[in-house]
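**Q** If it helps, the file is called upload.txt and holds compact mmCIF, C-alpha atoms:
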```txt
# COMPACT_ATOMS: atom_id res chain seq x y z
CA MET W 225 70.36 -100.56 26.46
CA GLU W 226 73.41 -98.73 25.12
CA LEU W 227 77.01 -99.69 25.82
CA ARG W 228 77.74 -96.06 26.64
CA VAL W 229 75.14 -96.09 29.44
CA LEU W 230 76.56 -99.36 30.80
CA GLN W 231 79.92 -97.61 31.07
CA TYR W 232 78.21 -94.75 32.94
CA PHE W 233 76.60 -97.23 35.33
CA LEU W 234 79.92 -98.97 36.02
CA ALA W 235 81.54 -95.61 36.75
CA ILE W 236 78.90 -94.93 39.41
CA ALA W 237 79.36 -98.43 40.87
CA ARG W 238 83.12 -97.83 41.01
CA GLU W 239 82.98 -94.35 42.51
CA GLN W 240 79.92 -95.03 44.72
CA SER W 241 78.91 -91.48 43.90
CA ILE W 242 77.05 -89.90 41.00
CA ILE W 243 78.97 -86.66 41.49
CA ARG W 244 82.41 -88.29 41.35
CA ALA W 245 81.36 -90.54 38.47
CA ALA W 246 80.14 -87.51 36.50
CA GLU W 247 83.49 -85.80 37.07
CA SER W 248 85.43 -88.85 35.89
CA LEU W 249 83.23 -89.10 32.79
CA HIS W 250 83.36 -85.35 32.10
CA LEU W 251 79.57 -85.13 32.27
CA SER W 252 77.25 -82.92 34.24
CA GLN W 253 75.56 -84.56 37.22
CA PRO W 254 72.01 -83.95 35.87
CA THR W 255 72.93 -85.54 32.52
CA LEU W 256 74.35 -88.65 34.22
CA SER W 257 71.39 -88.94 36.59
CA THR W 258 68.96 -88.67 33.67
CA GLN W 259 70.75 -91.42 31.73
CA ILE W 260 70.74 -93.83 34.69
CA LYS W 261 67.11 -93.02 35.53
CA ALA W 262 66.13 -93.80 31.93
CA MET W 263 67.95 -97.15 32.14
CA GLU W 264 66.11 -98.01 35.37
CA GLU W 265 62.81 -97.20 33.65
CA GLU W 266 63.77 -99.31 30.65
CA LEU W 267 64.58 -102.31 32.88
CA GLY W 268 61.71 -101.70 35.24
CA LYS W 269 64.02 -102.10 38.24
CA GLN W 270 65.75 -99.79 40.70
CA LEU W 271 69.50 -100.16 40.28
CA LEU W 272 70.82 -97.56 42.73
CA ILE W 273 69.96 -96.50 46.24
CA ARG W 274 70.67 -92.80 46.37
CA GLY W 275 71.98 -91.37 49.61
CA THR W 276 70.21 -88.70 51.61
CA LYS W 277 71.27 -85.06 51.49
CA GLY W 278 73.67 -85.70 54.35
CA SER W 279 75.22 -88.68 52.57
CA ARG W 280 75.89 -88.67 48.84
CA LYS W 281 77.10 -92.29 48.78
CA VAL W 282 75.34 -94.50 46.26
CA THR W 283 74.86 -98.24 46.81
CA LEU W 284 73.67 -100.91 44.39
CA THR W 285 70.44 -102.81 44.77
CA GLU W 286 70.47 -106.58 44.22
CA GLU W 287 69.46 -105.94 40.59
CA GLY W 288 72.23 -103.34 40.35
CA MET W 289 74.82 -105.87 41.48
CA ILE W 290 73.62 -108.32 38.83
CA LEU W 291 73.84 -105.62 36.16
CA ARG W 292 77.35 -104.63 37.28
CA LYS W 293 78.58 -108.21 36.82
CA ARG W 294 76.94 -108.57 33.41
CA ALA W 295 78.00 -105.11 32.26
CA GLU W 296 81.64 -105.92 33.01
CA GLU W 297 81.36 -109.16 31.01
CA ILE W 298 79.63 -107.40 28.09
CA LEU W 299 82.18 -104.60 27.86
CA ASN W 300 85.11 -107.03 28.15
CA LEU W 301 83.65 -109.05 25.29
CA VAL W 302 83.15 -105.89 23.20
CA ARG W 303 86.78 -104.86 23.74
CA LYS W 304 87.96 -108.35 22.82
CA THR W 305 85.86 -108.30 19.64
CA GLU W 306 87.11 -104.86 18.64
CA GLN W 307 90.72 -105.99 19.03
CA GLU W 308 90.15 -109.07 16.86
CA ILE W 309 88.39 -107.16 14.08
CA SER W 310 90.93 -104.34 13.98
CA LEU W 311 93.93 -106.62 13.44
CA SER W 312 95.91 -106.24 10.23
CA ASP W 313 95.65 -108.92 7.58
CA GLN W 314 99.40 -108.73 7.07
CA ILE W 315 100.68 -109.02 10.65
CA ILE W 316 99.43 -111.63 13.11
CA VAL W 317 99.05 -109.96 16.46
CA GLY W 318 96.41 -110.18 19.12
CA ASN W 319 95.32 -111.86 22.32
CA VAL W 320 94.66 -115.48 23.19
CA TYR W 321 92.44 -116.08 26.22
CA ILE W 322 92.74 -119.38 28.08
CA GLY W 323 90.95 -120.73 31.15
CA ALA W 324 92.54 -123.49 33.23
CA GLY W 325 92.60 -125.04 36.65
CA GLU W 326 95.80 -125.59 38.58
CA THR W 327 97.63 -128.19 36.56
CA ASP W 328 101.07 -128.96 35.22
CA ALA W 329 99.43 -128.88 31.78
CA VAL W 330 99.96 -125.12 31.81
CA ARG W 331 103.49 -126.03 30.74
CA ILE W 332 102.21 -127.06 27.32
CA ILE W 333 100.62 -123.62 26.96
CA ALA W 334 103.98 -122.09 27.82
CA LYS W 335 105.77 -124.32 25.29
CA ALA W 336 103.34 -123.41 22.52
CA ALA W 337 103.61 -119.71 23.37
CA ARG W 338 107.41 -119.91 23.42
CA GLU W 339 107.52 -121.44 19.94
CA LEU W 340 105.03 -118.94 18.52
CA TYR W 341 106.93 -116.02 20.03
CA LYS W 342 109.85 -116.74 17.71
CA THR W 343 107.70 -115.95 14.67
CA TYR W 344 104.77 -113.98 16.09
CA PRO W 345 105.97 -111.83 19.02
CA GLY W 346 102.79 -109.75 18.76
CA ILE W 347 100.60 -112.53 20.17
CA HIS W 348 99.85 -112.16 23.89
CA TYR W 349 98.41 -114.76 26.24
CA HIS W 350 95.96 -114.26 29.12
CA ILE W 351 95.34 -117.17 31.49
CA SER W 352 92.42 -117.18 33.94
CA SER W 353 92.54 -119.73 36.75
CA GLY W 354 89.54 -121.43 38.28
CA ASN W 355 87.69 -124.72 38.65
CA ALA W 356 85.90 -126.56 35.84
CA GLN W 357 82.65 -124.67 36.37
CA PHE W 358 84.47 -121.34 36.06
CA VAL W 359 86.25 -122.43 32.87
CA ILE W 360 83.04 -123.68 31.22
CA GLU W 361 81.14 -120.52 32.16
CA GLN W 362 83.88 -118.28 30.76
CA LEU W 363 84.01 -120.35 27.57
CA ASP W 364 80.24 -120.34 27.06
CA LYS W 365 80.11 -116.56 27.51
CA GLY W 366 82.84 -116.06 24.91
CA LEU W 367 85.24 -114.49 27.41
CA ILE W 368 87.97 -117.07 26.71
CA ASP W 369 88.97 -118.88 23.53
CA PHE W 370 90.12 -122.17 25.05
CA GLY W 371 89.62 -124.07 28.29
CA ILE W 372 91.61 -126.87 29.89
CA VAL W 373 89.32 -129.30 31.70
CA PHE W 374 89.64 -132.70 33.34
CA GLY W 375 87.59 -135.76 32.51
CA SER W 376 85.12 -136.35 29.71
CA VAL W 377 84.16 -133.66 27.17
CA ASP W 378 80.66 -132.84 25.97
CA HIS W 379 81.32 -133.21 22.24
CA THR W 380 77.86 -131.94 21.36
CA LYS W 381 79.05 -128.48 22.46
CA TYR W 382 82.85 -128.50 22.27
CA ASN W 383 85.74 -129.59 20.09
CA SER W 384 88.79 -130.83 21.94
CA VAL W 385 92.42 -131.85 21.85
CA GLU W 386 93.61 -134.35 24.44
CA MET W 387 96.62 -133.24 26.45
CA PRO W 388 99.62 -135.62 26.14
CA PHE W 389 99.99 -136.33 29.86
CA LYS W 390 97.98 -136.80 33.04
CA ASP W 391 98.00 -135.33 36.54
CA THR W 392 98.45 -137.65 39.51
CA TRP W 393 96.21 -137.44 42.56
CA GLY W 394 97.84 -137.44 45.98
CA VAL W 395 97.99 -135.86 49.40
CA LEU W 396 99.83 -132.69 50.32
CA MET W 397 101.05 -132.74 53.92
CA ARG W 398 103.71 -131.43 56.28
CA LYS W 399 106.94 -133.41 56.32
CA ASP W 400 106.50 -133.96 60.07
CA SER W 401 103.05 -135.53 59.55
CA PRO W 402 102.56 -139.23 60.46
CA LEU W 403 101.63 -140.12 56.88
CA ALA W 404 104.83 -138.56 55.50
CA ALA W 405 106.67 -141.79 56.33
CA LYS W 406 104.59 -143.62 53.72
CA THR W 407 105.49 -143.82 50.03
CA ALA W 408 101.78 -143.74 49.08
CA VAL W 409 98.50 -143.09 50.86
CA SER W 410 95.55 -145.50 50.94
CA PRO W 411 91.88 -144.66 51.59
CA LYS W 412 92.00 -146.06 55.13
CA ASP W 413 94.95 -143.78 55.95
CA LEU W 414 92.65 -140.78 55.46
CA TRP W 415 89.41 -141.97 57.04
CA ASP W 416 90.22 -140.46 60.44
CA LYS W 417 92.27 -137.47 59.23
CA PRO W 418 91.16 -133.82 58.86
CA LEU W 419 90.93 -133.34 55.10
CA ILE W 420 91.08 -130.32 52.83
CA VAL W 421 89.44 -131.08 49.48
CA SER W 422 88.59 -129.17 46.32
CA GLN W 423 85.11 -127.72 46.14
CA GLN W 424 84.29 -130.10 43.29
CA GLU W 425 85.28 -133.13 45.38
CA GLU W 426 83.20 -131.79 48.27
CA ASN W 427 80.22 -132.10 45.93
CA GLN W 428 80.82 -135.79 45.18
CA GLY W 429 83.71 -135.58 42.74
CA ALA W 430 85.88 -138.22 41.11
CA LEU W 431 87.57 -139.40 44.32
CA THR W 432 84.41 -140.49 46.15
CA ASP W 433 84.66 -144.10 44.90
CA TRP W 434 88.40 -144.22 45.65
CA MET W 435 87.80 -143.17 49.26
CA GLN W 436 85.34 -146.07 49.71
CA LYS W 437 83.26 -143.78 51.88
CA GLU W 438 80.72 -141.05 51.32
CA ILE W 439 82.00 -137.49 51.72
CA SER W 440 79.60 -137.05 54.66
CA GLU W 441 81.44 -139.84 56.52
CA LEU W 442 84.81 -138.11 56.27
CA GLU W 443 86.23 -135.28 58.35
CA ILE W 444 86.23 -132.52 55.73
CA ILE W 445 87.65 -129.57 57.62
CA ALA W 446 87.96 -127.16 54.68
CA SER W 447 87.55 -126.89 50.93
CA TYR W 448 89.52 -124.93 48.36
CA ASN W 449 89.26 -123.51 44.88
CA LEU W 450 93.01 -123.09 44.34
CA LEU W 451 95.50 -125.61 45.75
CA PHE W 452 97.94 -122.84 46.66
CA ASN W 453 95.48 -121.59 49.29
CA ALA W 454 95.03 -125.14 50.56
CA SER W 455 98.83 -125.48 50.85
CA LEU W 456 98.91 -122.54 53.27
CA MET W 457 96.32 -124.31 55.44
CA VAL W 458 98.45 -127.45 55.35
CA GLU W 459 101.55 -125.48 56.34
CA GLU W 460 99.67 -124.19 59.39
CA GLY W 461 98.79 -127.75 60.42
CA LEU W 462 95.08 -127.60 59.63
CA GLY W 463 94.95 -130.92 57.81
CA TYR W 464 95.81 -132.95 54.71
CA ALA W 465 95.00 -131.54 51.25
CA ILE W 466 94.00 -133.88 48.43
CA GLY W 467 95.03 -132.57 45.03
CA PHE W 468 97.34 -132.91 42.04
CA ASP W 469 101.12 -133.25 42.04
CA LYS W 470 103.66 -130.77 40.59
CA ILE W 471 101.63 -127.70 41.57
CA ILE W 472 103.00 -126.88 45.03
CA ASN W 473 106.70 -126.66 45.86
CA THR W 474 107.71 -129.76 47.87
CA SER W 475 111.48 -129.49 47.40
CA ASP W 476 114.05 -129.65 50.18
CA THR W 477 113.39 -125.98 50.99
CA SER W 478 109.68 -126.63 51.67
CA ILE W 479 108.08 -127.97 54.85
CA LEU W 480 105.57 -129.81 52.68
CA CYS W 481 105.68 -133.15 50.87
CA PHE W 482 103.43 -134.94 48.40
CA ARG W 483 102.45 -138.61 48.53
CA PRO W 484 100.51 -140.26 45.67
CA LEU W 485 97.33 -142.21 46.27
CA THR W 486 97.26 -145.99 46.19
CA PRO W 487 95.60 -147.48 44.23
CA LYS W 488 96.96 -144.88 41.83
CA ARG W 489 94.54 -142.29 40.46
CA GLU W 490 95.27 -140.09 37.46
CA ALA W 491 93.26 -137.40 35.71
CA GLY W 492 93.38 -136.92 31.97
CA MET W 493 92.65 -133.51 30.51
CA SER W 494 91.70 -131.84 27.26
CA MET W 495 91.85 -128.39 25.74
CA ILE W 496 88.36 -127.52 24.55
CA TRP W 497 86.71 -124.76 22.53
CA LYS W 498 83.16 -124.10 21.38
CA LYS W 499 81.95 -125.82 18.23
CA TYR W 500 81.64 -123.60 15.17
CA GLN W 501 83.70 -120.92 16.92
CA ILE W 502 85.35 -118.37 14.65
CA PHE W 503 88.89 -117.75 15.89
CA SER W 504 91.12 -114.75 15.51
CA LYS W 505 94.30 -115.44 13.57
CA ALA W 506 96.28 -115.36 16.82
CA SER W 507 94.02 -118.04 18.34
CA GLU W 508 94.25 -120.15 15.20
CA LYS W 509 98.05 -120.08 15.33
CA PHE W 510 97.98 -121.05 19.02
CA MET W 511 95.62 -123.98 18.39
CA ASP W 512 97.80 -125.20 15.49
CA GLU W 513 100.87 -125.08 17.72
CA ILE W 514 99.11 -127.03 20.48
CA LYS W 515 98.16 -129.72 17.95
CA LYS W 516 101.79 -129.94 16.80
CA LEU W 517 102.87 -130.65 20.37
CA GLN W 518 100.49 -133.64 20.53
CA SER W 519 102.36 -135.45 17.74
```
Kindly return the structure encoded in the file as structure tokens.
**A**
Amino acid sequence: MELRVLQYFLAIAREQSIIRAAESLHLSQPTLSTQIKAMEEELGKQLLIRGTKGSRKVTLTEEGMILRKRAEEILNLVRKTEQEISLSDQIIVGNVYIGAGETDAVRIIAKAARELYKTYPGIHYHISSGNAQFVIEQLDKGLIDFGIVFGSVDHTKYNSVEMPFKDTWGVLMRKDSPLAAKTAVSPKDLWDKPLIVSQQEENQGALTDWMQKEISELEIIASYNLLFNASLMVEEGLGYAIGFDKIINTSDTSILCFRPLTPKREAGMSMIWKKYQIFSKASEKFMDEIKKLQS
């Protein structure tokens, strides 16, 4: 399977038309159709559902949708590799790719980048946000250089640097909520409340033992991947969101407030990268700067 043909396939998926894709690629329609047909024969699967004469719209089969996702990842990785290889030996420039959840630890990334900018302004940083599963998947596929994850690290697969601080668990709520009068929230305070939890916690995460109840016994009204989205649900009065502090604005201008859990729960985190990974010079400089900030 050639990279060039993958680009052709993605053009068709984008345009939903072989004719329009051929125009954008400056190819003839028969040439493009022949290339895609050959790829289908090579894979032994139909990738496109061609429209009838009255409708020229093209849709993807289930196999086509899988190929589109993988093709995008492959081409992104190729572009990343080309950039790293083409860098000059004399000037350190390039891209650093980082995956992280919503955490105040992003500040340490910003501090490292700020310091490096003074000497290496040609280094650029790209942060992808998602849960732990997303970060690990992106790291394993080689689409990011570093990931920030909570909890223990699988040291058979990854090297790591422990972040110098921890995030505090608590409850995000409206300031006019009954629990807002408390300085901290206990498990019993939440047993009869509509809760909004992260998708990881919904699948028996770290807070299950703290709650002293099974997730199935609680009133889980919604789950979230990003706390910002959960905060909008809280603003609308849907329920109480359990998450980390310092992520959502709870200043005097906000209608929201944050109350820590009691007994207190904190989450440590680490920056991880694949063992035996060969870094670009830009990534090496970033990792060295992060290590400096630990001391």
**Q** Looking at only C-alpha atoms, which of W:Glu326, W:Leu301, W:Thr407, W:Arg292 is the one that sits closest to Asn453 (chain W)?
**A** W:Glu326
**Q** Take the point (92.9, -126.7, 32.7) as written in the file and pick out every residue within 9 Å of it, counting all atoms listed in the file; give the list as a VMD selection string.
**A** chain W and resid 322 to 330 353 to 356 359 371 to 374 493 to 495
**Q** Report the distance between CA of Thr380 (chain W) and CA of Met511 (chain W) in Å, rounded to one decimal place.
**A** 19.7 Å
**Q** List the spatial neighbours of Lys499 (chain W) as a PDB file with C-alpha atoms, keeping the file's coordinate frame - criterion: any atom at most 6 Å away, all atoms listed in the file, same-chain residues fewer than 2 positions off excluded.
**A**
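The file below, selection-v7.pdb, is the result:
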```pdb
ATOM      1  CA  LYS W 381      79.050-128.480  22.460  1.00  0.00           C
ATOM      2  CA  TYR W 382      82.850-128.500  22.270  1.00  0.00           C
ATOM      3  CA  ASN W 383      85.740-129.590  20.090  1.00  0.00           C
ATOM      4  CA  GLN W 501      83.700-120.920  16.920  1.00  0.00           C
TER       5      GLN W 501
END
```
**Q** Between W:Lys417, W:Lys488, W:His379, W:Lys293, which residue has the minimum interatomic distance to Asp391 (chain W), considering all atoms listed in the file?
**A**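 The answer is W:Lys488, which sits nearest to Asp391 (chain W).
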**Q** Residues at most 9 Å from Lys399 (chain W), counting only C-alpha atoms, excluding those fewer than 4 positions away in the same chain, as a PyMOL selection string?
**A** chain W and resi 403-405+478-482
**Q** Determine, counting all atoms listed in the file, which protein, DNA and RNA residues have an atom within 8 Å of an atom of Lys390 (chain W); residues of the same chain fewer than 6 positions away are not included. Present the result as number ranges by chain.
**A** W: 490-493
**Q** To one decimal place, how far is CA of Ile290 (chain W) from CA of Thr305 (chain W) in Å?
**A**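 Separation between CA of Ile290 (chain W) and CA of Thr305 (chain W): 22.8 Å.
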**Q** Can you list, as a PyMOL selection string, every protein, DNA or RNA residue that comes within 7 Å of Leu230 (chain W) when you count all atoms listed in the file, leaving out same-chain residues fewer than 4 positions away?
**A** chain W and resi 226+234+295
**Q** Quick one: distance from CA of Arg338 (chain W) to CA of Ala506 (chain W) in Å, one decimal?
**A**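 Separation between CA of Arg338 (chain W) and CA of Ala506 (chain W): 13.7 Å.
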